[in-house]
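work.cif (mmCIF, C-alpha atoms) appears below.
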data_target
#
loop_
_atom_site.label_atom_id
_atom_site.label_comp_id
_atom_site.auth_asym_id
_atom_site.auth_seq_id
_atom_site.Cartn_x
_atom_site.Cartn_y
_atom_site.Cartn_z
CA LEU A 1 -25.19 163.65 -42.39
CA LEU A 2 -21.88 165.30 -41.54
CA ASN A 3 -19.58 165.06 -44.55
CA ILE A 4 -16.05 164.71 -43.16
CA ASN A 5 -13.02 164.78 -45.46
CA VAL A 6 -9.95 163.52 -43.60
CA GLY A 7 -6.72 163.61 -45.60
CA GLY A 8 -8.62 163.17 -48.89
CA LYS A 9 -10.93 160.35 -47.73
CA LEU A 10 -14.63 161.02 -47.27
CA PHE A 11 -16.58 159.85 -44.21
CA GLN A 12 -20.24 160.42 -43.42
CA ILE A 13 -21.48 160.51 -39.83
CA ALA A 14 -25.05 161.16 -38.73
CA TYR A 15 -25.54 164.37 -36.73
CA LYS A 16 -27.35 162.36 -34.07
CA GLU A 17 -24.39 159.95 -33.60
CA ALA A 18 -21.83 162.76 -33.39
CA ALA A 19 -23.98 164.76 -30.95
CA ARG A 20 -23.92 161.90 -28.43
CA TYR A 21 -20.38 162.98 -27.53
CA PRO A 22 -20.68 166.78 -27.20
CA VAL A 23 -17.16 167.32 -25.79
CA THR A 24 -15.49 165.83 -28.88
CA ARG A 25 -14.54 167.85 -31.95
CA LEU A 26 -17.17 166.27 -34.22
CA GLY A 27 -19.77 166.49 -31.43
CA LYS A 28 -19.23 170.24 -31.23
CA LEU A 29 -19.35 170.43 -35.03
CA ALA A 30 -22.76 168.72 -34.97
CA LEU A 31 -24.16 170.90 -32.16
CA TYR A 32 -22.84 174.36 -33.11
CA THR A 33 -25.14 176.57 -35.16
CA ASP A 34 -22.72 179.46 -35.63
CA PRO A 35 -20.81 178.94 -38.95
CA MET A 36 -17.76 180.84 -37.62
CA LYS A 37 -17.41 178.46 -34.66
CA LYS A 38 -17.69 175.50 -37.02
CA LEU A 39 -14.91 176.86 -39.22
CA GLN A 40 -12.65 177.13 -36.15
CA LEU A 41 -13.04 173.38 -35.59
CA CYS A 42 -11.89 172.32 -39.08
CA ASP A 43 -9.06 173.19 -41.46
CA ASP A 44 -11.29 174.07 -44.42
CA TYR A 45 -14.90 173.94 -45.63
CA SER A 46 -16.28 173.32 -49.11
CA VAL A 47 -19.61 175.10 -49.66
CA GLN A 48 -20.40 173.25 -52.91
CA LYS A 49 -19.87 169.79 -51.43
CA ASN A 50 -20.82 170.72 -47.86
CA GLU A 51 -17.63 169.01 -46.63
CA TYR A 52 -15.55 169.77 -43.59
CA PHE A 53 -11.89 169.16 -44.36
CA PHE A 54 -9.38 167.96 -41.72
CA ASP A 55 -5.68 167.63 -42.52
CA ARG A 56 -5.17 164.58 -40.31
CA ASP A 57 -4.20 160.92 -40.68
CA PRO A 58 -7.08 159.06 -42.43
CA SER A 59 -5.81 155.62 -41.36
CA ILE A 60 -6.31 156.43 -37.67
CA PHE A 61 -9.60 158.23 -38.34
CA HIS A 62 -11.07 154.85 -39.32
CA TYR A 63 -10.99 153.98 -35.60
CA ILE A 64 -12.46 157.38 -34.69
CA PHE A 65 -15.23 156.81 -37.24
CA HIS A 66 -15.92 153.37 -35.75
CA PHE A 67 -16.07 154.93 -32.26
CA TYR A 68 -18.89 157.30 -33.25
CA ARG A 69 -20.90 154.43 -34.76
CA SER A 70 -20.34 151.84 -32.02
CA GLY A 71 -19.28 153.79 -28.94
CA VAL A 72 -16.13 151.68 -28.56
CA LEU A 73 -12.62 152.90 -29.37
CA TRP A 74 -10.56 150.08 -30.87
CA ILE A 75 -6.76 150.08 -30.56
CA MET A 76 -4.57 147.99 -32.86
CA ASP A 77 -1.11 146.74 -31.87
CA GLU A 78 0.58 147.96 -35.04
CA MET A 79 -0.22 151.62 -34.34
CA CYS A 80 2.38 154.01 -32.95
CA PRO A 81 1.27 154.94 -29.40
CA SER A 82 2.52 158.53 -29.63
CA ASN A 83 0.77 159.16 -32.95
CA PHE A 84 -2.46 157.54 -31.78
CA VAL A 85 -2.55 159.58 -28.53
CA GLU A 86 -1.91 162.75 -30.50
CA GLU A 87 -4.74 161.97 -32.91
CA ILE A 88 -7.38 161.09 -30.32
CA LYS A 89 -6.38 164.18 -28.34
CA TYR A 90 -7.02 166.28 -31.45
CA TRP A 91 -10.45 164.71 -31.94
CA GLY A 92 -11.24 165.18 -28.24
CA ILE A 93 -11.78 161.47 -27.50
CA ASN A 94 -10.70 159.99 -24.18
CA LEU A 95 -8.86 156.69 -23.92
CA LYS A 96 -11.46 155.49 -21.38
CA TYR A 97 -13.84 154.68 -24.23
CA SER A 98 -11.61 151.77 -25.28
CA GLN A 99 -11.96 148.24 -23.95
CA SER A 100 -10.02 147.54 -20.73
CA CYS A 101 -7.94 144.77 -22.33
CA CYS A 102 -6.89 147.02 -25.22
CA ARG A 103 -6.26 149.96 -22.90
CA ILE A 104 -3.98 147.96 -20.56
CA LEU A 105 -1.88 146.62 -23.44
CA PHE A 106 -1.74 150.06 -25.04
CA GLU A 107 -0.60 151.76 -21.81
CA GLU A 108 2.10 149.10 -21.34
CA LYS A 109 3.31 149.71 -24.88
CA GLN A 110 3.21 153.46 -24.27
CA ASP A 111 5.31 153.08 -21.10
CA GLU A 112 7.82 150.88 -22.93
CA LEU A 113 8.13 153.46 -25.69
CA SER A 114 8.60 156.30 -23.18
CA GLU A 115 11.28 154.29 -21.35
CA TYR A 116 12.99 153.47 -24.64
CA LEU A 117 13.06 157.14 -25.71
CA LYS A 118 14.34 158.18 -22.28
CA ILE A 119 17.17 155.63 -22.39
CA GLN A 120 17.98 156.62 -25.99
CA LYS A 121 18.26 160.24 -24.94
CA GLU A 122 20.50 159.36 -21.97
CA LEU A 123 22.69 157.17 -24.20
CA GLU A 124 23.18 160.05 -26.62
CA ALA A 125 23.98 162.37 -23.71
CA GLU A 126 26.56 159.82 -22.51
CA LEU A 127 28.69 160.49 -25.58
CA GLU A 128 27.92 164.18 -25.83
CA PRO A 129 30.89 166.34 -24.78
CA LEU A 130 30.38 169.04 -22.16
CA ASP A 131 31.00 171.73 -24.76
CA SER A 132 30.82 172.00 -28.52
CA ALA A 133 33.07 173.74 -31.00
CA GLU A 134 30.39 176.39 -31.68
CA GLN A 135 30.35 177.59 -28.05
CA PHE A 136 33.79 179.21 -28.38
CA GLU A 137 32.72 181.67 -31.06
CA GLY A 138 32.93 185.27 -29.86
CA LYS A 139 34.53 184.34 -26.53
CA PHE A 140 37.90 185.33 -25.06
CA LEU A 141 40.67 183.45 -26.94
CA GLY A 142 37.90 181.52 -28.68
CA SER A 143 39.99 180.12 -31.55
CA PHE A 144 42.80 179.06 -29.21
CA ARG A 145 40.42 177.40 -26.73
CA LYS A 146 38.61 175.71 -29.60
CA MET A 147 41.91 174.28 -30.84
CA ILE A 148 42.72 172.99 -27.31
CA TRP A 149 39.22 171.55 -26.99
CA ASN A 150 39.54 169.64 -30.27
CA LEU A 151 42.90 168.25 -29.17
CA ILE A 152 41.73 167.03 -25.79
CA GLU A 153 38.01 166.22 -26.26
CA ASN A 154 37.60 165.29 -29.93
CA PRO A 155 40.10 162.53 -30.81
CA TYR A 156 38.65 162.21 -34.34
CA SER A 157 39.34 165.84 -35.23
CA SER A 158 43.03 165.37 -36.13
CA VAL A 159 46.02 163.03 -35.87
CA PRO A 160 47.54 164.91 -32.85
CA ALA A 161 44.20 164.63 -31.01
CA LYS A 162 44.16 160.88 -31.66
CA ILE A 163 47.77 160.61 -30.39
CA ILE A 164 46.87 162.47 -27.18
CA ALA A 165 43.89 160.14 -26.60
CA VAL A 166 46.11 157.06 -27.08
CA MET A 167 48.84 158.55 -24.86
CA SER A 168 46.28 159.21 -22.12
CA SER A 169 45.33 155.53 -22.02
CA ILE A 170 48.98 154.45 -22.15
CA PHE A 171 49.95 156.73 -19.25
CA VAL A 172 47.06 155.36 -17.17
CA LEU A 173 48.31 151.80 -17.74
CA ILE A 174 51.91 152.81 -17.00
CA SER A 175 50.83 154.55 -13.79
CA ILE A 176 48.88 151.50 -12.59
CA MET A 177 51.79 149.22 -13.49
CA GLY A 178 54.20 151.50 -11.59
CA MET A 179 51.98 151.52 -8.51
CA THR A 180 51.80 147.72 -8.66
CA LEU A 181 55.58 147.26 -9.04
CA SER A 182 56.28 149.67 -6.17
CA THR A 183 54.84 147.09 -3.75
CA VAL A 184 57.30 144.39 -4.91
CA GLU A 185 60.05 143.79 -2.33
CA GLU A 186 62.88 144.02 -4.89
CA MET A 187 61.64 147.46 -6.03
CA LYS A 188 61.69 148.93 -2.52
CA HIS A 189 65.45 149.42 -2.56
CA LYS A 190 66.99 152.82 -3.28
CA THR A 191 67.45 152.41 -7.06
CA GLY A 192 64.02 150.85 -7.69
CA LYS A 193 62.31 153.39 -5.46
CA MET A 194 63.98 156.24 -7.35
CA TRP A 195 62.79 154.86 -10.69
CA MET A 196 59.25 154.47 -9.40
CA GLU A 197 59.22 158.04 -8.07
CA GLN A 198 60.43 159.40 -11.41
CA LEU A 199 57.82 157.38 -13.28
CA GLU A 200 55.10 158.66 -10.94
CA MET A 201 56.30 162.24 -11.48
CA ILE A 202 56.15 161.91 -15.29
CA CYS A 203 52.62 160.44 -15.14
CA ALA A 204 51.46 163.14 -12.72
CA ILE A 205 52.85 165.90 -14.99
CA PHE A 206 51.01 164.44 -17.99
CA PHE A 207 47.71 164.05 -16.08
CA THR A 208 48.03 167.60 -14.69
CA SER A 209 48.66 169.03 -18.18
CA GLU A 210 45.67 167.12 -19.49
CA TYR A 211 43.44 168.41 -16.68
CA LEU A 212 44.59 172.01 -17.15
CA MET A 213 43.96 171.80 -20.91
CA ARG A 214 40.41 170.62 -20.23
CA LEU A 215 39.92 173.39 -17.68
CA ILE A 216 41.18 176.08 -20.10
CA SER A 217 38.97 174.82 -22.95
CA SER A 218 35.83 174.61 -20.79
CA SER A 219 33.10 177.19 -21.44
CA SER A 220 31.55 176.81 -17.97
CA LEU A 221 33.58 176.27 -14.80
CA LYS A 222 30.52 175.06 -12.85
CA LYS A 223 29.62 172.48 -15.50
CA PHE A 224 33.26 171.41 -15.69
CA LEU A 225 33.55 170.77 -11.95
CA ARG A 226 30.27 168.83 -11.84
CA ALA A 227 31.26 166.43 -14.63
CA ALA A 228 32.07 162.90 -13.40
CA PHE A 229 35.03 162.33 -15.73
CA ASN A 230 36.65 165.59 -14.64
CA ALA A 231 36.26 164.55 -11.00
CA VAL A 232 38.07 161.29 -11.86
CA ASP A 233 40.86 163.31 -13.52
CA LEU A 234 41.21 165.45 -10.39
CA VAL A 235 41.37 162.37 -8.13
CA ALA A 236 44.07 160.97 -10.43
CA ILE A 237 46.45 163.91 -9.81
CA LEU A 238 45.63 165.00 -6.24
CA PRO A 239 47.43 162.10 -4.43
CA PHE A 240 50.76 163.06 -6.00
CA TYR A 241 50.61 166.68 -4.78
CA ILE A 242 49.17 165.79 -1.36
CA GLN A 243 51.98 163.28 -0.90
CA ILE A 244 54.58 165.97 -1.73
CA LEU A 245 52.88 168.34 0.71
CA PHE A 246 52.94 165.81 3.56
CA GLU A 247 56.52 164.74 2.90
CA ASN A 248 57.77 168.34 2.94
CA LEU A 249 56.09 169.46 6.15
CA ASP A 250 58.63 171.20 8.39
CA ASP A 251 61.34 170.66 5.79
CA GLY A 252 63.88 172.63 7.81
CA ASP A 253 63.75 170.29 10.79
CA ALA A 254 65.93 167.39 9.60
CA LEU A 255 65.88 165.59 12.91
CA TYR A 256 62.12 165.62 12.95
CA HIS A 257 62.01 164.19 9.44
CA GLU A 258 64.47 161.49 10.31
CA GLU A 259 62.38 160.49 13.30
CA LEU A 260 59.23 160.68 11.20
CA HIS A 261 60.59 158.26 8.60
CA LYS A 262 61.53 155.80 11.33
CA VAL A 263 57.98 155.55 12.59
CA GLU A 264 56.25 156.08 9.24
CA ASN A 265 54.63 152.65 9.17
CA VAL A 266 52.95 153.12 12.54
CA SER A 267 52.38 156.87 12.69
CA LYS A 268 49.15 158.55 11.68
CA LEU A 269 50.95 160.51 8.97
CA GLY A 270 52.31 157.30 7.48
CA LYS A 271 48.84 155.78 7.38
CA VAL A 272 47.46 158.88 5.69
CA LEU A 273 50.24 158.75 3.10
CA LYS A 274 49.49 155.09 2.41
CA LEU A 275 45.81 155.89 1.94
CA ILE A 276 46.64 158.76 -0.41
CA LYS A 277 48.96 156.54 -2.45
CA LEU A 278 46.21 153.94 -2.66
CA MET A 279 43.90 156.54 -4.22
CA ARG A 280 46.02 156.33 -7.37
CA ILE A 281 44.15 153.12 -8.21
CA PHE A 282 41.22 155.32 -9.26
CA ARG A 283 43.28 156.38 -12.28
CA ILE A 284 42.09 153.24 -14.01
CA LEU A 285 38.65 154.91 -14.22
CA LYS A 286 40.20 157.39 -16.68
CA LEU A 287 40.09 154.60 -19.26
CA ALA A 288 36.29 154.95 -19.33
CA ARG A 289 36.72 158.28 -21.15
CA HIS A 290 37.98 156.42 -24.24
CA SER A 291 36.31 153.02 -23.69
CA THR A 292 32.78 152.41 -24.95
CA GLY A 293 32.60 149.12 -23.04
CA LEU A 294 33.33 150.76 -19.67
CA ARG A 295 30.79 153.48 -20.39
CA ALA A 296 28.18 150.87 -21.32
CA PHE A 297 28.94 148.96 -18.11
CA GLY A 298 28.53 152.08 -15.95
CA PHE A 299 25.35 153.02 -17.81
CA THR A 300 23.95 149.50 -17.29
CA ILE A 301 24.56 149.67 -13.54
CA ARG A 302 22.87 153.10 -13.37
CA GLN A 303 19.83 151.90 -15.32
CA CYS A 304 19.56 148.62 -13.37
CA TYR A 305 20.16 150.06 -9.91
CA GLN A 306 16.73 148.86 -8.73
CA GLN A 307 17.48 145.27 -9.73
CA VAL A 308 20.97 145.49 -8.21
CA CYS A 309 19.58 146.88 -4.93
CA CYS A 310 16.95 144.14 -4.91
CA LEU A 311 19.69 141.53 -5.41
CA LEU A 312 21.69 142.98 -2.50
CA LEU A 313 18.56 142.88 -0.35
CA PHE A 314 18.02 139.18 -1.17
CA ILE A 315 21.67 138.45 -0.37
CA ALA A 316 21.39 140.25 2.98
CA MET A 317 18.21 138.30 3.81
CA GLY A 318 19.91 135.03 2.88
CA VAL A 319 23.01 135.83 4.97
CA PHE A 320 20.94 136.66 8.05
CA THR A 321 18.58 133.70 7.64
CA PHE A 322 21.13 130.95 7.00
CA SER A 323 23.66 132.27 9.55
CA ALA A 324 20.93 132.15 12.21
CA LEU A 325 19.93 128.62 11.16
CA MET A 326 23.55 127.43 11.14
CA HIS A 327 24.24 128.91 14.57
CA SER A 328 21.14 127.26 16.03
CA VAL A 329 22.20 123.76 14.89
CA GLU A 330 25.99 124.06 15.35
CA HIS A 331 26.56 126.20 18.46
CA ASP A 332 26.64 123.16 20.83
CA VAL A 333 29.34 121.32 18.85
CA PRO A 334 32.75 121.41 20.67
CA GLY A 335 35.32 123.58 18.88
CA THR A 336 32.80 124.99 16.43
CA ASN A 337 33.45 128.30 14.68
CA PHE A 338 29.74 129.15 14.70
CA THR A 339 29.87 130.61 18.20
CA SER A 340 27.49 133.44 17.34
CA ILE A 341 25.32 134.63 14.44
CA PRO A 342 27.76 137.44 13.44
CA TYR A 343 30.58 134.84 13.25
CA ALA A 344 28.39 132.82 10.88
CA TRP A 345 27.84 135.78 8.54
CA TRP A 346 31.14 135.17 6.71
CA TRP A 347 30.30 131.52 6.12
CA ALA A 348 26.81 132.44 4.84
CA ALA A 349 28.21 135.14 2.53
CA VAL A 350 30.81 132.89 0.84
CA SER A 351 28.30 130.04 0.59
CA LEU A 352 25.63 132.24 -0.99
CA SER A 353 28.15 133.48 -3.55
CA THR A 354 29.02 129.78 -4.24
CA VAL A 355 32.72 130.61 -3.64
CA GLY A 356 33.02 128.44 -0.51
CA TYR A 357 36.48 129.01 0.97
CA GLY A 358 36.12 125.98 3.23
CA ASP A 359 37.69 127.76 6.21
CA THR A 360 34.46 127.25 8.20
CA VAL A 361 32.41 124.08 7.69
CA PRO A 362 29.48 122.46 9.56
CA ASP A 363 30.08 119.23 11.51
CA THR A 364 26.56 117.93 12.09
CA LEU A 365 24.07 116.43 9.63
CA LEU A 366 21.58 119.24 10.23
CA GLY A 367 24.37 121.77 9.64
CA ARG A 368 25.19 120.19 6.28
CA ILE A 369 21.52 120.25 5.28
CA VAL A 370 21.39 123.97 6.13
CA ALA A 371 24.61 124.49 4.13
CA PHE A 372 23.10 122.67 1.13
CA GLY A 373 20.02 124.90 1.33
CA CYS A 374 22.22 128.00 1.53
CA ILE A 375 24.27 126.99 -1.53
CA SER A 376 21.14 126.07 -3.52
CA PHE A 377 19.56 129.41 -2.68
CA GLY A 378 22.78 131.15 -3.75
CA ILE A 379 22.77 129.39 -7.15
CA ILE A 380 19.17 130.47 -7.81
CA LEU A 381 19.86 133.99 -6.55
CA ASN A 382 23.00 134.48 -8.66
CA GLY A 383 21.27 133.21 -11.79
CA MET A 384 18.36 135.65 -11.57
CA PRO A 385 19.96 138.98 -12.62
CA ILE A 386 22.58 137.62 -15.05
CA SER A 387 20.32 137.52 -18.11
CA ILE A 388 18.78 140.94 -17.34
CA LEU A 389 22.13 142.66 -16.82
CA TYR A 390 23.82 140.96 -19.78
CA ASN A 391 20.99 141.66 -22.22
CA LYS A 392 20.84 145.31 -21.21
CA PHE A 393 24.62 145.67 -21.31
CA SER A 394 24.86 144.20 -24.82
CA ASP A 395 21.96 146.40 -25.98
CA TYR A 396 23.45 149.58 -24.50
CA TYR A 397 26.91 148.75 -25.83
CA ALA A 398 25.58 148.25 -29.37
CA LYS A 399 23.64 151.52 -29.23
CA LEU A 400 26.59 153.48 -27.81
CA LYS A 401 28.90 152.03 -30.45
CA ALA A 402 26.45 152.85 -33.25
CA HIS A 403 25.97 156.40 -31.97
CA GLU A 404 29.74 156.82 -31.62
CA ASN A 405 30.30 155.64 -35.20
CA GLU A 406 27.64 158.03 -36.49
CA THR A 407 29.29 160.90 -34.66
#

Turn this file's structure into structure tokens for me.
Amino acid sequence: LLNINVGGKLFQIAYKEAARYPVTRLGKLALYTDPMKKLQLCDDYSVQKNEYFFDRDPSIFHYIFHFYRSGVLWIMDEMCPSNFVEEIKYWGINLKYSQSCCRILFEEKQDELSEYLKIQKELEAELEPLDSAEQFEGKFLGSFRKMIWNLIENPYSSVPAKIIAVMSSIFVLISIMGMTLSTVEEMKHKTGKMWMEQLEMICAIFFTSEYLMRLISSSSLKKFLRAAFNAVDLVAILPFYIQILFENLDDGDALYHEELHKVENVSKLGKVLKLIKLMRIFRILKLARHSTGLRAFGFTIRQCYQQVCCLLLFIAMGVFTFSALMHSVEHDVPGTNFTSIPYAWWWAAVSLSTVGYGDTVPDTLLGRIVAFGCISFGIILNGMPISILYNKFSDYYAKLKAHENET
């Protein structure tokens, strides 16, 4: 008999049973005749007791011991998949020796654990700053850049840092409010327009200062430019400077400028300026830097992109199918709006979303039956991803919040 001591527990296995599996660790121990090779397979050997000692988990070795006696590797649900795989790898036993039912359930559990660890790692990286305070040691103006970094990136480091973080969110809200009020007719007069321009200038100066502070305190320019939040910060300030550049082209030619302002609403330059001004709406994304909920929402969409794409595919299929059906039963009706399948796409889209504007409605009985089928399909379709997305969002939000509190 082979006397095996695993973590202080003694097991006895017949040489003949161990030798049936020559590629395993105990199979080699039973077949080798050279004492030096045997010692390389175990952690220690007691000459008096003739015991081979292994510093491994004895609770899992019970299943290894059963495998040598029965030829079947049993897997229990309560075992940690990572630990079990590590142990059987050490003993040289392949997972194929387990029953197919146990192996399928074990591999599913292993995949779930791997996915969980991957998501946990990505969640932690979501809150990790680009740099750390230690990276400034020994660098040019390290103490100064570290102080700037703490002010702008670590709101919990001091009271001024917390004030800057709060001010950043306030300026975003003020900027969005100013952009909204600038479209009101009463604010388009000279006085209101002047106030809106001054407000926009103050917000742009603050956002520029904030961006420059982050740029100065960054340890890697390449990493800084690739970061998503920094790209949002850049988009937040670029429209202001591009607008100034466009408005001051050929500044010396007053007549040209006067003519330009007259046709601003219809000229190409005017349209470009309107588009640039509209880009200021992206400033609201800056709130995600200090909002755990927005980060959790973005993370949920990234993790569930397959389900979201599948939902969009189903919607597209429904739009094409029901618009074709509606056109086939309604195209002969006098004065119908379903003159072609593309014209029916809008009706199918609003019906599938269960919004139903009512601007286009079927007139025939068959058309109403098709409409009922379209709405019913839309209800089922919209209900499918809600539970998945909500459960994942609430889970990710709780984990992000917990990790943020720990930090």

For the file shown, report as a ChimeraX atom specification the outcome of the PyMOL selection byres ((chain A and resi 46-54) around 6) at residue level.
-> /A:3-6,42-45,55-56

Name all residues at most 12 Å from stretch 387-398 of chain A (count all atoms listed in the file; drop same-chain ones fewer than 5 positions away) and give them as a PyMOL selection string.
-> chain A and resi 116+119-124+126-127+291-308+311+382+403-405

Atom CA of A:Ser209 and atom CA of A:Thr191, how far apart in Å?
->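 Distance reported for this atom pair: 27.4 Å.
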
Exercise: A:Met76 partners within 10 Å, only C-alpha atoms, chain neighbours under 4 positions left out, as a list in words = Ile60, Tyr63, Cys80, Pro81, Phe84, Cys102, Leu105 and Phe106 of chain A

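Running the PyMOL selection byres ((chain A and resi 342-355) around 8) on this file leaves Ile315, Gly318, Val319, Phe320, Phe322, Ser323, Ala324, Met326, His327, Asn337, Phe338, Thr339, Ser340, Ile341, Gly356, Tyr357, Thr360, Val361, Ala371, Cys374, Ile375, Phe377, Gly378, Ile379 and Asn382 of chain A selected.
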
Could you state which residues are captured by the PyMOL selection byres ((chain A and resi 41) around 9) in this file, as a compact mmCIF listing (two decimals) with C-alpha atoms, in the frame of the given file?
# COMPACT_ATOMS: atom_id res chain seq x y z
CA ARG A 25 -14.54 167.85 -31.95
CA LEU A 26 -17.17 166.27 -34.22
CA LYS A 28 -19.23 170.24 -31.23
CA LEU A 29 -19.35 170.43 -35.03
CA LYS A 37 -17.41 178.46 -34.66
CA LYS A 38 -17.69 175.50 -37.02
CA LEU A 39 -14.91 176.86 -39.22
CA GLN A 40 -12.65 177.13 -36.15
CA CYS A 42 -11.89 172.32 -39.08
CA ASP A 43 -9.06 173.19 -41.46
CA PHE A 54 -9.38 167.96 -41.72

Restricting the calculation to only C-alpha atoms, which member of A:Met167, A:Met79, A:Ile64, A:Met179 is positioned closest to A:Thr24?
->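 Of the candidates, the smallest distance to A:Thr24 is held by A:Ile64.
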
Around (43.8, 173.0, -29.2) in the file's own coordinates, what residues are found within 10 Å if you use only C-alpha atoms, given back as a ChimeraX atom specification?
-> /A:143-154,160-161,213-214,216-217

Residues from the last selection, C-alpha atoms, saved as an mmCIF file, in the frame of the given file:
data_model
loop_
_atom_site.group_PDB
_atom_site.id
_atom_site.type_symbol
_atom_site.label_atom_id
_atom_site.label_comp_id
_atom_site.auth_asym_id
_atom_site.auth_seq_id
_atom_site.Cartn_x
_atom_site.Cartn_y
_atom_site.Cartn_z
ATOM 1 C CA SER A 143 39.990 180.120 -31.550
ATOM 2 C CA PHE A 144 42.800 179.060 -29.210
ATOM 3 C CA ARG A 145 40.420 177.400 -26.730
ATOM 4 C CA LYS A 146 38.610 175.710 -29.600
ATOM 5 C CA MET A 147 41.910 174.280 -30.840
ATOM 6 C CA ILE A 148 42.720 172.990 -27.310
ATOM 7 C CA TRP A 149 39.220 171.550 -26.990
ATOM 8 C CA ASN A 150 39.540 169.640 -30.270
ATOM 9 C CA LEU A 151 42.900 168.250 -29.170
ATOM 10 C CA ILE A 152 41.730 167.030 -25.790
ATOM 11 C CA GLU A 153 38.010 166.220 -26.260
ATOM 12 C CA ASN A 154 37.600 165.290 -29.930
ATOM 13 C CA PRO A 160 47.540 164.910 -32.850
ATOM 14 C CA ALA A 161 44.200 164.630 -31.010
ATOM 15 C CA MET A 213 43.960 171.800 -20.910
ATOM 16 C CA ARG A 214 40.410 170.620 -20.230
ATOM 17 C CA ILE A 216 41.180 176.080 -20.100
ATOM 18 C CA SER A 217 38.970 174.820 -22.950
#

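Compared by their closest atoms to A:Ile205, and using all atoms listed in the file, the residues A:Ser220, A:Ser168, A:Thr183, A:Asn248 rank with A:Ser168 nearest.
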
Which of A:Ile237, A:Val329, A:Leu312, A:Leu181 sits closest to A:Arg283 [using only C-alpha atoms] = A:Ile237
